[in-house]
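Worksheet: the structure to be examined is printed underneath.
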Number of protein chains: 2
Amino acid sequence: MKTLLTTLMSALLLAGCASQPVARGTADLGIIIERASGHIRIVENSTHTQLANVGGLGDLSHAAAVFSRDGRFAYVFGRDGGISKVDLLTHQLVKRVLQAGNSIGGAISSDGRIIAAQNYQPGGVKLFDADTLALLADIPALDPATGVVSKVVGLADLPGHRFAFSLFEAGQIWVVDASNPRQPVITRYPHIGQQPYDGLATMDGRYYMAGLYGEDGVALLDTWYPEKGVTRVLNGYGQGAEKQPVYKMPHLRGWSVAGDYAFFPSIGHKEAIVADNRSWEIRRHIPLAGQPVFVMARPDGKQVWANFAFPDNDTVQVIDVPTMKVVRTFKPCKGVLHFEFTARGDQVWLSCRDENRVEVYDTQTLERITTLPADNPSGIFFGWRAGRLGM
Amino acid sequence: MKTLLTTLMSALLLAGCASQPVARGTADLGIIIERASGHIRIVENSTHTQLANVGGLGDLSHAAAVFSRDGRFAYVFGRDGGISKVDLLTHQLVKRVLQAGNSIGGAISSDGRIIAAQNYQPGGVKLFDADTLALLADIPALDPATGVVSKVVGLADLPGHRFAFSLFEAGQIWVVDASNPRQPVITRYPHIGQQPYDGLATMDGRYYMAGLYGEDGVALLDTWYPEKGVTRVLNGYGQGAEKQPVYKMPHLRGWSVAGDYAFFPSIGHKEAIVADNRSWEIRRHIPLAGQPVFVMARPDGKQVWANFAFPDNDTVQVIDVPTMKVVRTFKPCKGVLHFEFTARGDQVWLSCRDENRVEVYDTQTLERITTLPADNPSGIFFGWRAGRLGM
C-alpha cells in the first residue's frame, strides 16, 4: 500500500511539475529561425545549449522577432503574414494569427503592450494587443492623393508608444502615436524621396532613417525636432555613378552606431560606408570582401561585423572601429545569413544556412567557442531586445 | 481509499510544485533596497506589483546591485562589505559573503562570470565567482611608491571582462583585465588628479571618468586609445571659485549621456552641467531647484531627471534635452533618495525614504501611475542592468 501510494504520488508529482513551465532567468534566452521548416530553436547563450524546438510557425523566410516586456515570450513575424507568440519557458506556441498575405517584420511598443506588423500585401500596419494578439487598429498605407496603397517597410518602435515606418510606393515616412492604440494618431512626412526600401531607428529612438532605392541618399527624420521635417543625408549613399549588379539588398536594421560614427552597408559596392552620427556626412569608405548585407556594431561599438551577399556569403569580416581597419576575415561556413551579438557583446552567433549549424564566437579572442546544429538557420534573435528601443 | 489517495496526492502536488521557483520572465523584475531593515523588495514593473520581501542582507545603507547574466539573480552590495545573492524566482537569499569591513558597490563582468566588489576598508577590489561567490582574486589598492592603501571608488565594468576603478588616496585609475580571473592583469594610470571620489563608465564602456574631490575637473580615460593616458576634462567642474557648502556629494553613476551631451550634477551648486560628449567641453549650466544628487537620462536621452540634496530632497525636476529647459518640477514626497527608469523608459520609479513608499511615474505624461509601500526605500535597480555595460 505504502509503495503504491508512493509510486503513484511520485508519478503524479513528476507529471504535475513537468507540465509547469521551466523556471529560469530569461535574459540569456534567444531563438534561431529555421526558415525552411517553420520552426524556431530556443537557446540560451550562457552555456550555449538548445532548450527546445517549436514548430508550426508557417513560412519563416525573412522572419524577424521581438520579445515581450518581461522577456518570456517571443513574437515571430513570418513572411506569410503570421504572428506567432511563443512561450520561451513552456516551449509552446501559445497564439498565432494570420494578419496579412505577405509581411516582413514587426515591432513592439515602448511599454510592451502593442505589437505592430508591417505588411506588403495588403500594405499598411496593424496593431495588436501583446497579450491576446487581438486586433487593435488597422492602418492602411493609402496615399489619399493618388489612391495608391503602399508596401510598408522599415517599421521601428520609438519612445512614447510610437512607431515609425516607410511607404515604398508613396515615398513617405509615417510616425504613429499609439498612446491610444485603438485610435492611433498618424503624422505623415511626404516627399521623402523615391522608393524607401528599408528603415531603421537609432538605438535611442531619436533618428529614423529610410534608405532610398530610387535615388542616392537616405531620408532622415530627427524626431526630437519634427518641425524640421525629413532631410536628405548621406548623399552618394546608394549605387552611385557606377551601378553594379546588386546581389542582395542590404539590411539597414541592426546596431550601426559605433562611437561617433554610423556604419552602413553599401548598395552594390564592396564596402562599408562610415558617416558622422551628428552631421550624417560620409567620412569614409572601408573596402570589404564582398557586397555587405548586415553591418552591425558590437554593443560597445569598438567592433563592427559584416556579412556578405553571394558569392561572398561564406565570409565574415571584423572592422576595428578605433583604427577603421578590417582586423579579421573569417570563412566560417557557406551561407552566413545573419548574426547576433549577446547583450553585452562577449559573443556573436552566426547562422550558417547551407551547413545546418550556428557558430558561436568569442568577440574578444575572435576564436570559435562552439557549434550548434540547426536546420537551415536564418535570423538569430536574443532576448535583450526586450529592453531596447528602435528594434 | 480513492478519496484518501486523491487528497494526499493533491496536497503533495501542490506542495511539490509550490516549492519550485516561480516561472516567469525576468526582464521586468527589479529590487527596492530597504536600507534600515536590511531587506529588499522584489517587484515587477509591468503591472507594478510586489512579489516578495527578502531579509538578512545586512547593512544596506548606500547599497547597490547588479544582476546575473540570465536575469535570475540580484547581487546586492552592502555597506558592511556583504555581497548577497538573491534568487528573484524563489525569493531566497541563496548565498552571502562578508568580504570586507566597509564597502560601497560592485560590478559584474561583461561575460557575467565574475563579481567585483570595491572596498573602503581594507581598500582594494576582490573578484568572486558569480555562481558560487568563491573568491577568485584579491587586488589590494596599494601604491608601491608610498605604501599607502587606498579606498576604491567608482568601480565599473568594461567590455572584455575588464573593470575600471579609482584610488581615492593615491589619485590613480586602474583597469583590470580579468580574462583569467585568478590572475588579473592590472594597468595603472597614476597622477590623474587629487582624490577621485566617484567614477563612471559611459554606457558603451568606452570612456571611464573619475570626479576629483581635490580639484576642479574630471579625469578621463578613453579606453579605445589607452596610449593617450588619462586627460583632464570638464575644467571648472567641481566647486569652482565660489565654494558652497556641499550637503551631499553627488553621484556620477547613472545614465548621463543624452543625445550629443553628457549631463553631470554640479558639486555644491544648484545646477546641472552639460558637456559635449565628444570634446567633453562644458557647453551649458542649467539652473536647478537644489544641489543635484543624481542627474540621469531617460534611456532615449530626450529627458534628464534630477533629484536633490537636503533641504531640497522633496523635489524632482525634469529637463527636456532638445530645449535644455526644466519642463517640470515635482514635489513627490520627502526624502527622494534615488530613481530608476524602466528598460525602455516608459516609467520612472522614485524612492521616497521618509514617507515609506515608492512612486511610479509615466515619463510621457509626467503623471503618477501608482504608489507602492516600502520601508525606508533607497536604491531601486531593475533587471535590464543584466544586459548593459558600464554598470
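Ordered as shown in the C-alpha cells, chains take letters A, B, and onward, while each chain numbers its residues from 1 and ligands are numbered from 1 in the order shown.
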Chain B fitted onto chain A, all C-alpha pairs in order, as a CSV table (one decimal) with C-alpha atoms, in the first residue's frame:
chain,number,residue,atom,x,y,z
B,1,MET,CA,-0.7,0.4,0.3
B,2,LYS,CA,2.1,2.6,1.4
B,3,THR,CA,4.1,1.7,-1.7
B,4,LEU,CA,1.2,2.2,-4.0
B,5,LEU,CA,0.5,5.6,-2.5
B,6,THR,CA,4.1,6.6,-2.7
B,7,THR,CA,4.5,5.5,-6.2
B,8,LEU,CA,1.3,7.1,-7.4
B,9,MET,CA,2.1,10.3,-5.6
B,10,SER,CA,5.6,10.4,-7.0
B,11,ALA,CA,4.4,9.9,-10.5
B,12,LEU,CA,1.8,12.6,-10.1
B,13,LEU,CA,4.3,14.9,-8.5
B,14,LEU,CA,6.6,14.5,-11.4
B,15,ALA,CA,3.8,14.9,-13.9
B,16,GLY,CA,2.4,17.9,-12.1
B,17,CYS,CA,5.6,19.7,-11.9
B,18,ALA,CA,6.8,18.7,-15.4
B,19,SER,CA,3.8,20.2,-16.9
B,20,GLN,CA,4.7,23.5,-15.3
B,21,PRO,CA,6.9,25.9,-17.3
B,22,VAL,CA,10.6,25.8,-16.7
B,23,ALA,CA,11.7,28.3,-14.1
B,24,ARG,CA,14.8,30.1,-15.2
B,25,GLY,CA,16.1,33.6,-16.0
B,26,THR,CA,15.1,34.8,-19.5
B,27,ALA,CA,17.9,37.4,-20.1
B,28,ASP,CA,20.2,34.9,-21.8
B,29,LEU,CA,17.5,33.3,-24.0
B,30,GLY,CA,17.2,33.6,-27.7
B,31,ILE,CA,15.7,32.0,-30.8
B,32,ILE,CA,17.1,30.7,-34.1
B,33,ILE,CA,14.8,30.8,-37.1
B,34,GLU,CA,14.8,27.7,-39.2
B,35,ARG,CA,13.3,29.1,-42.3
B,36,ALA,CA,12.7,26.0,-44.4
B,37,SER,CA,10.8,24.0,-41.8
B,38,GLY,CA,8.9,26.8,-40.0
B,39,HIS,CA,10.5,26.0,-36.7
B,40,ILE,CA,12.4,28.0,-34.1
B,41,ARG,CA,15.1,26.7,-31.8
B,42,ILE,CA,15.1,28.1,-28.3
B,43,VAL,CA,18.6,28.6,-27.0
B,44,GLU,CA,20.5,30.1,-24.1
B,45,ASN,CA,23.8,31.8,-24.6
B,46,SER,CA,25.4,31.3,-21.1
B,47,THR,CA,26.4,27.7,-21.7
B,48,HIS,CA,25.3,27.5,-25.4
B,49,THR,CA,22.6,24.9,-25.2
B,50,GLN,CA,19.5,24.3,-27.2
B,51,LEU,CA,16.4,24.1,-25.0
B,52,ALA,CA,13.6,23.3,-27.4
B,53,ASN,CA,12.5,23.2,-31.0
B,54,VAL,CA,9.0,24.7,-31.7
B,55,GLY,CA,7.2,24.2,-35.0
B,56,GLY,CA,4.1,25.3,-36.8
B,57,LEU,CA,5.1,28.9,-37.3
B,58,GLY,CA,4.4,29.0,-41.1
B,59,ASP,CA,6.7,30.5,-43.7
B,60,LEU,CA,9.7,31.8,-41.9
B,61,SER,CA,11.7,33.1,-44.8
B,62,HIS,CA,12.9,36.6,-43.9
B,63,ALA,CA,11.3,36.2,-40.5
B,64,ALA,CA,12.1,38.5,-37.6
B,65,ALA,CA,11.3,38.5,-33.9
B,66,VAL,CA,10.7,40.8,-31.0
B,67,PHE,CA,10.3,39.9,-27.3
B,68,SER,CA,7.7,40.6,-24.6
B,69,ARG,CA,8.4,43.2,-21.9
B,70,ASP,CA,9.1,40.4,-19.4
B,71,GLY,CA,11.3,38.5,-21.7
B,72,ARG,CA,9.1,35.3,-21.6
B,73,PHE,CA,7.6,35.4,-25.0
B,74,ALA,CA,9.0,35.8,-28.5
B,75,TYR,CA,6.8,37.2,-31.3
B,76,VAL,CA,7.9,35.8,-34.7
B,77,PHE,CA,6.8,37.6,-37.8
B,78,GLY,CA,6.6,35.3,-40.8
B,79,ARG,CA,6.7,36.1,-44.5
B,80,ASP,CA,3.1,34.7,-44.8
B,81,GLY,CA,1.7,37.4,-42.6
B,82,GLY,CA,1.7,35.2,-39.5
B,83,ILE,CA,2.5,36.4,-36.0
B,84,SER,CA,3.4,33.5,-33.7
B,85,LYS,CA,3.7,34.1,-30.0
B,86,VAL,CA,6.0,31.5,-28.4
B,87,ASP,CA,6.4,30.9,-24.7
B,88,LEU,CA,10.2,30.5,-24.1
B,89,LEU,CA,9.6,28.8,-20.7
B,90,THR,CA,6.9,26.2,-21.7
B,91,HIS,CA,8.3,25.9,-25.3
B,92,GLN,CA,4.7,26.2,-26.6
B,93,LEU,CA,3.3,28.1,-29.5
B,94,VAL,CA,0.7,29.9,-27.5
B,95,LYS,CA,-1.0,32.0,-30.1
B,96,ARG,CA,-0.8,32.5,-33.9
B,97,VAL,CA,-2.7,34.9,-36.1
B,98,LEU,CA,-2.5,35.3,-39.9
B,99,GLN,CA,-2.9,39.0,-40.2
B,100,ALA,CA,-1.9,39.7,-43.8
B,101,GLY,CA,-1.0,37.9,-47.1
B,102,ASN,CA,2.6,39.0,-47.3
B,103,SER,CA,4.5,40.6,-44.5
B,104,ILE,CA,8.0,41.4,-43.4
B,105,GLY,CA,8.6,42.1,-39.8
B,106,GLY,CA,7.2,43.9,-36.8
B,107,ALA,CA,7.9,45.8,-33.6
B,108,ILE,CA,6.8,46.1,-30.0
B,109,SER,CA,5.8,49.3,-28.4
B,110,SER,CA,8.0,51.0,-25.8
B,111,ASP,CA,5.6,49.9,-23.0
B,112,GLY,CA,5.4,46.3,-24.3
B,113,ARG,CA,1.7,46.4,-24.8
B,114,ILE,CA,1.3,46.6,-28.5
B,115,ILE,CA,2.6,44.5,-31.4
B,116,ALA,CA,2.9,46.2,-34.7
B,117,ALA,CA,3.2,44.3,-38.0
B,118,GLN,CA,4.1,45.8,-41.4
B,119,ASN,CA,2.6,44.4,-44.5
B,120,TYR,CA,3.4,44.2,-48.2
B,121,GLN,CA,0.1,42.7,-49.2
B,122,PRO,CA,-2.2,44.4,-48.4
B,123,GLY,CA,0.0,47.3,-47.5
B,124,GLY,CA,-0.2,49.0,-44.1
B,125,VAL,CA,0.4,48.4,-40.5
B,126,LYS,CA,-1.8,46.5,-38.0
B,127,LEU,CA,-1.6,46.9,-34.2
B,128,PHE,CA,-2.3,44.0,-31.9
B,129,ASP,CA,-2.6,43.5,-28.2
B,130,ALA,CA,0.6,41.9,-27.0
B,131,ASP,CA,-1.2,39.6,-24.6
B,132,THR,CA,-4.0,38.3,-26.7
B,133,LEU,CA,-2.9,39.2,-30.3
B,134,ALA,CA,-6.4,40.7,-30.7
B,135,LEU,CA,-6.5,43.4,-33.4
B,136,LEU,CA,-6.5,46.9,-32.1
B,137,ALA,CA,-6.1,49.0,-35.2
B,138,ASP,CA,-5.7,48.7,-38.9
B,139,ILE,CA,-3.7,51.5,-40.6
B,140,PRO,CA,-3.9,51.2,-44.4
B,141,ALA,CA,-0.9,52.8,-46.1
B,142,LEU,CA,-3.2,54.6,-48.5
B,143,ASP,CA,-2.0,57.9,-50.1
B,144,PRO,CA,-5.2,60.0,-50.2
B,145,ALA,CA,-3.9,62.0,-53.1
B,146,THR,CA,-3.4,59.1,-55.5
B,147,GLY,CA,-5.3,56.2,-54.0
B,148,VAL,CA,-2.2,54.1,-54.1
B,149,VAL,CA,-1.7,51.6,-51.4
B,150,SER,CA,2.0,51.2,-50.4
B,151,LYS,CA,4.1,48.3,-49.2
B,152,VAL,CA,5.3,49.2,-45.7
B,153,VAL,CA,8.9,48.8,-44.8
B,154,GLY,CA,11.4,49.7,-42.1
B,155,LEU,CA,9.0,49.5,-39.1
B,156,ALA,CA,10.6,50.5,-35.8
B,157,ASP,CA,9.4,51.4,-32.4
B,158,LEU,CA,10.1,54.8,-30.9
B,159,PRO,CA,9.8,56.0,-27.3
B,160,GLY,CA,6.3,57.0,-26.1
B,161,HIS,CA,4.3,54.2,-27.7
B,162,ARG,CA,5.2,55.3,-31.2
B,163,PHE,CA,6.1,53.5,-34.4
B,164,ALA,CA,7.9,54.8,-37.5
B,165,PHE,CA,7.8,53.2,-40.9
B,166,SER,CA,8.2,54.0,-44.6
B,167,LEU,CA,5.8,53.7,-47.6
B,168,PHE,CA,7.6,52.2,-50.6
B,169,GLU,CA,5.4,53.4,-53.4
B,170,ALA,CA,4.3,56.7,-51.9
B,171,GLY,CA,7.7,57.7,-50.8
B,172,GLN,CA,6.6,58.7,-47.3
B,173,ILE,CA,7.6,58.3,-43.7
B,174,TRP,CA,4.8,57.9,-41.1
B,175,VAL,CA,5.0,58.2,-37.4
B,176,VAL,CA,2.1,56.6,-35.4
B,177,ASP,CA,1.4,57.6,-31.9
B,178,ALA,CA,-0.3,54.5,-30.3
B,179,SER,CA,-0.9,56.0,-26.9
B,180,ASN,CA,-4.5,55.1,-27.5
B,181,PRO,CA,-3.8,52.0,-29.7
B,182,ARG,CA,-7.4,51.7,-30.9
B,183,GLN,CA,-7.2,55.3,-32.2
B,184,PRO,CA,-3.7,55.8,-33.4
B,185,VAL,CA,-2.6,59.3,-34.5
B,186,ILE,CA,-0.7,59.4,-37.7
B,187,THR,CA,1.9,62.1,-38.7
B,188,ARG,CA,2.8,61.9,-42.4
B,189,TYR,CA,6.0,63.1,-43.9
B,190,PRO,CA,5.5,63.1,-47.7
B,191,HIS,CA,8.1,63.6,-50.5
B,192,ILE,CA,11.0,62.0,-48.6
B,193,GLY,CA,12.4,60.5,-51.8
B,194,GLN,CA,11.8,57.6,-54.2
B,195,GLN,CA,11.2,54.1,-53.0
B,196,PRO,CA,12.3,53.8,-49.4
B,197,TYR,CA,13.2,50.1,-49.2
B,198,ASP,CA,14.2,49.8,-45.5
B,199,GLY,CA,14.4,51.9,-42.4
B,200,LEU,CA,16.0,52.0,-39.0
B,201,ALA,CA,15.7,53.9,-35.8
B,202,THR,CA,18.9,54.7,-33.9
B,203,MET,CA,19.1,52.8,-30.6
B,204,ASP,CA,18.0,55.7,-28.6
B,205,GLY,CA,14.9,56.0,-30.7
B,206,ARG,CA,15.7,59.5,-31.8
B,207,TYR,CA,16.5,59.3,-35.5
B,208,TYR,CA,14.6,57.4,-38.1
B,209,MET,CA,16.3,56.8,-41.4
B,210,ALA,CA,14.9,55.3,-44.6
B,211,GLY,CA,17.2,54.0,-47.4
B,212,LEU,CA,16.1,55.1,-50.8
B,213,TYR,CA,16.1,52.6,-53.6
B,214,GLY,CA,15.2,55.1,-56.3
B,215,GLU,CA,18.0,57.6,-55.6
B,216,ASP,CA,21.3,58.1,-53.9
B,217,GLY,CA,20.8,59.1,-50.3
B,218,VAL,CA,19.0,58.5,-47.1
B,219,ALA,CA,15.9,60.2,-45.7
B,220,LEU,CA,16.4,61.3,-42.1
B,221,LEU,CA,13.8,62.3,-39.5
B,222,ASP,CA,15.1,63.7,-36.2
B,223,THR,CA,12.1,63.0,-34.0
B,224,TRP,CA,13.4,65.4,-31.4
B,225,TYR,CA,12.8,68.3,-33.9
B,226,PRO,CA,9.8,67.0,-36.0
B,227,GLU,CA,9.1,70.6,-37.2
B,228,LYS,CA,12.3,70.4,-39.3
B,229,GLY,CA,10.7,67.6,-41.3
B,230,VAL,CA,12.6,65.0,-43.2
B,231,THR,CA,16.0,65.9,-44.6
B,232,ARG,CA,18.3,64.2,-47.1
B,233,VAL,CA,21.6,62.9,-45.8
B,234,LEU,CA,24.3,60.6,-46.9
B,235,ASN,CA,24.3,61.9,-50.4
B,236,GLY,CA,26.1,59.5,-52.5
B,237,TYR,CA,24.9,56.6,-50.4
B,238,GLY,CA,23.4,54.1,-52.8
B,239,GLN,CA,24.7,52.9,-56.0
B,240,GLY,CA,26.3,56.1,-57.2
B,241,ALA,CA,27.5,56.8,-60.7
B,242,GLU,CA,29.0,53.3,-61.4
B,243,LYS,CA,26.0,51.1,-60.9
B,244,GLN,CA,26.9,47.5,-60.1
B,245,PRO,CA,24.7,44.4,-60.0
B,246,VAL,CA,23.1,44.2,-56.6
B,247,TYR,CA,23.1,40.6,-55.4
B,248,LYS,CA,21.0,41.2,-52.3
B,249,MET,CA,19.6,44.4,-51.0
B,250,PRO,CA,21.5,45.2,-47.8
B,251,HIS,CA,19.7,45.5,-44.4
B,252,LEU,CA,19.7,48.8,-42.7
B,253,ARG,CA,18.5,47.3,-39.4
B,254,GLY,CA,20.8,46.4,-36.6
B,255,TRP,CA,23.1,48.3,-34.4
B,256,SER,CA,25.0,50.5,-36.7
B,257,VAL,CA,26.2,53.2,-34.3
B,258,ALA,CA,29.7,52.8,-33.0
B,259,GLY,CA,31.5,55.5,-31.1
B,260,ASP,CA,30.9,58.8,-33.0
B,261,TYR,CA,30.0,57.0,-36.3
B,262,ALA,CA,27.2,55.2,-38.0
B,263,PHE,CA,28.1,52.3,-40.3
B,264,PHE,CA,26.0,51.4,-43.3
B,265,PRO,CA,26.3,48.6,-45.9
B,266,SER,CA,26.9,50.0,-49.3
B,267,ILE,CA,24.5,49.1,-52.1
B,268,GLY,CA,26.2,47.3,-54.9
B,269,HIS,CA,29.7,48.1,-53.8
B,270,LYS,CA,32.1,46.1,-51.7
B,271,GLU,CA,32.4,48.5,-48.9
B,272,ALA,CA,31.0,49.9,-45.6
B,273,ILE,CA,30.1,53.5,-45.5
B,274,VAL,CA,31.0,55.4,-42.4
B,275,ALA,CA,29.1,58.6,-41.5
B,276,ASP,CA,29.4,61.1,-38.6
B,277,ASN,CA,26.5,60.4,-36.4
B,278,ARG,CA,25.8,64.1,-35.8
B,279,SER,CA,26.2,65.7,-39.2
B,280,TRP,CA,25.4,62.4,-41.0
B,281,GLU,CA,28.1,63.3,-43.6
B,282,ILE,CA,30.0,60.4,-45.1
B,283,ARG,CA,33.5,60.3,-43.6
B,284,ARG,CA,35.0,57.1,-45.0
B,285,HIS,CA,34.5,54.1,-47.3
B,286,ILE,CA,36.0,50.9,-45.9
B,287,PRO,CA,36.8,48.3,-48.5
B,288,LEU,CA,35.3,44.9,-47.7
B,289,ALA,CA,35.4,41.3,-49.1
B,290,GLY,CA,32.0,41.5,-50.8
B,291,GLN,CA,28.7,43.4,-51.0
B,292,PRO,CA,27.7,43.7,-47.4
B,293,VAL,CA,24.3,42.6,-46.2
B,294,PHE,CA,24.5,43.3,-42.4
B,295,VAL,CA,27.0,45.8,-41.0
B,296,MET,CA,26.4,45.7,-37.3
B,297,ALA,CA,28.3,47.1,-34.3
B,298,ARG,CA,29.2,45.0,-31.2
B,299,PRO,CA,27.2,46.6,-28.3
B,300,ASP,CA,30.2,48.5,-27.1
B,301,GLY,CA,30.8,49.9,-30.6
B,302,LYS,CA,34.5,49.0,-30.8
B,303,GLN,CA,34.0,46.4,-33.5
B,304,VAL,CA,31.7,46.3,-36.5
B,305,TRP,CA,31.0,42.9,-38.1
B,306,ALA,CA,29.8,42.4,-41.7
B,307,ASN,CA,28.5,39.5,-43.7
B,308,PHE,CA,28.0,39.5,-47.5
B,309,ALA,CA,25.8,38.6,-50.4
B,310,PHE,CA,26.5,35.8,-52.8
B,311,PRO,CA,29.2,34.8,-53.9
B,312,ASP,CA,30.9,36.1,-50.8
B,313,ASN,CA,28.4,34.8,-48.3
B,314,ASP,CA,30.9,32.4,-46.8
B,315,THR,CA,32.9,35.3,-45.4
B,316,VAL,CA,32.6,37.5,-42.3
B,317,GLN,CA,34.8,40.5,-41.6
B,318,VAL,CA,35.5,42.4,-38.4
B,319,ILE,CA,36.3,46.2,-38.5
B,320,ASP,CA,38.2,47.7,-35.6
B,321,VAL,CA,36.5,51.0,-35.1
B,322,PRO,CA,39.3,53.0,-33.4
B,323,THR,CA,41.6,52.3,-36.5
B,324,MET,CA,38.8,51.9,-39.0
B,325,LYS,CA,40.6,48.8,-40.4
B,326,VAL,CA,39.5,45.3,-41.1
B,327,VAL,CA,41.3,43.2,-38.5
B,328,ARG,CA,39.9,39.8,-39.3
B,329,THR,CA,38.5,37.9,-42.2
B,330,PHE,CA,36.8,34.6,-41.5
B,331,LYS,CA,35.3,32.0,-43.7
B,332,PRO,CA,33.2,30.3,-41.1
B,333,CYS,CA,30.9,28.4,-43.5
B,334,LYS,CA,28.7,28.6,-46.6
B,335,GLY,CA,25.7,30.8,-46.4
B,336,VAL,CA,26.2,33.1,-43.5
B,337,LEU,CA,22.8,34.7,-43.4
B,338,HIS,CA,22.7,36.6,-40.1
B,339,PHE,CA,24.5,37.2,-36.9
B,340,GLU,CA,23.5,38.4,-33.4
B,341,PHE,CA,25.6,39.7,-30.5
B,342,THR,CA,24.9,38.8,-26.9
B,343,ALA,CA,23.6,41.6,-24.8
B,344,ARG,CA,27.0,42.8,-23.7
B,345,GLY,CA,28.9,41.7,-26.7
B,346,ASP,CA,31.1,38.9,-25.4
B,347,GLN,CA,29.8,36.5,-28.1
B,348,VAL,CA,28.5,36.6,-31.6
B,349,TRP,CA,26.3,33.9,-33.1
B,350,LEU,CA,26.4,33.3,-36.9
B,351,SER,CA,23.8,31.4,-38.8
B,352,CYS,CA,25.3,29.1,-41.4
B,353,ARG,CA,22.3,28.3,-43.6
B,354,ASP,CA,23.9,26.0,-46.1
B,355,GLU,CA,25.8,23.9,-43.5
B,356,ASN,CA,22.9,23.5,-41.0
B,357,ARG,CA,24.6,25.0,-38.0
B,358,VAL,CA,25.2,28.0,-35.9
B,359,GLU,CA,28.7,29.1,-35.0
B,360,VAL,CA,29.4,30.9,-31.7
B,361,TYR,CA,32.5,33.2,-31.5
B,362,ASP,CA,34.2,35.0,-28.7
B,363,THR,CA,34.4,38.6,-29.9
B,364,GLN,CA,37.4,39.3,-27.8
B,365,THR,CA,39.7,36.5,-28.9
B,366,LEU,CA,37.9,36.1,-32.3
B,367,GLU,CA,38.1,32.3,-31.6
B,368,ARG,CA,35.2,29.9,-32.1
B,369,ILE,CA,33.6,28.8,-28.9
B,370,THR,CA,31.2,26.2,-30.1
B,371,THR,CA,28.9,24.9,-32.9
B,372,LEU,CA,25.2,24.1,-32.6
B,373,PRO,CA,23.2,22.2,-35.1
B,374,ALA,CA,20.3,24.0,-36.8
B,375,ASP,CA,18.1,23.3,-39.8
B,376,ASN,CA,18.8,25.9,-42.5
B,377,PRO,CA,19.1,28.7,-39.9
B,378,SER,CA,18.5,32.3,-40.8
B,379,GLY,CA,17.8,35.0,-38.2
B,380,ILE,CA,19.1,34.8,-34.7
B,381,PHE,CA,17.4,37.0,-32.0
B,382,PHE,CA,18.4,37.3,-28.4
B,383,GLY,CA,16.1,38.3,-25.5
B,384,TRP,CA,18.0,41.5,-24.7
B,385,ARG,CA,15.9,43.0,-27.4
B,386,ALA,CA,13.1,43.1,-24.9
B,387,GLY,CA,14.8,46.0,-23.2
B,388,ARG,CA,15.9,48.1,-26.2
B,389,LEU,CA,14.4,50.8,-28.3
B,390,GLY,CA,14.4,51.1,-32.0
B,391,MET,CA,14.1,47.4,-32.7
request  = From segment 125-208 of chain B, collect each residue whose DSSP state is strand (DSSP E or B) and return the set as JSON, numbers by chain.
outcome  = {"B": [125, 126, 127, 128, 129, 135, 136, 137, 138, 139, 142, 149, 152, 153, 154, 155, 156, 157, 158, 162, 163, 164, 165, 166, 167, 172, 173, 174, 175, 176, 177, 185, 186, 187, 188, 189, 196, 197, 198, 199, 200, 201, 207, 208]}
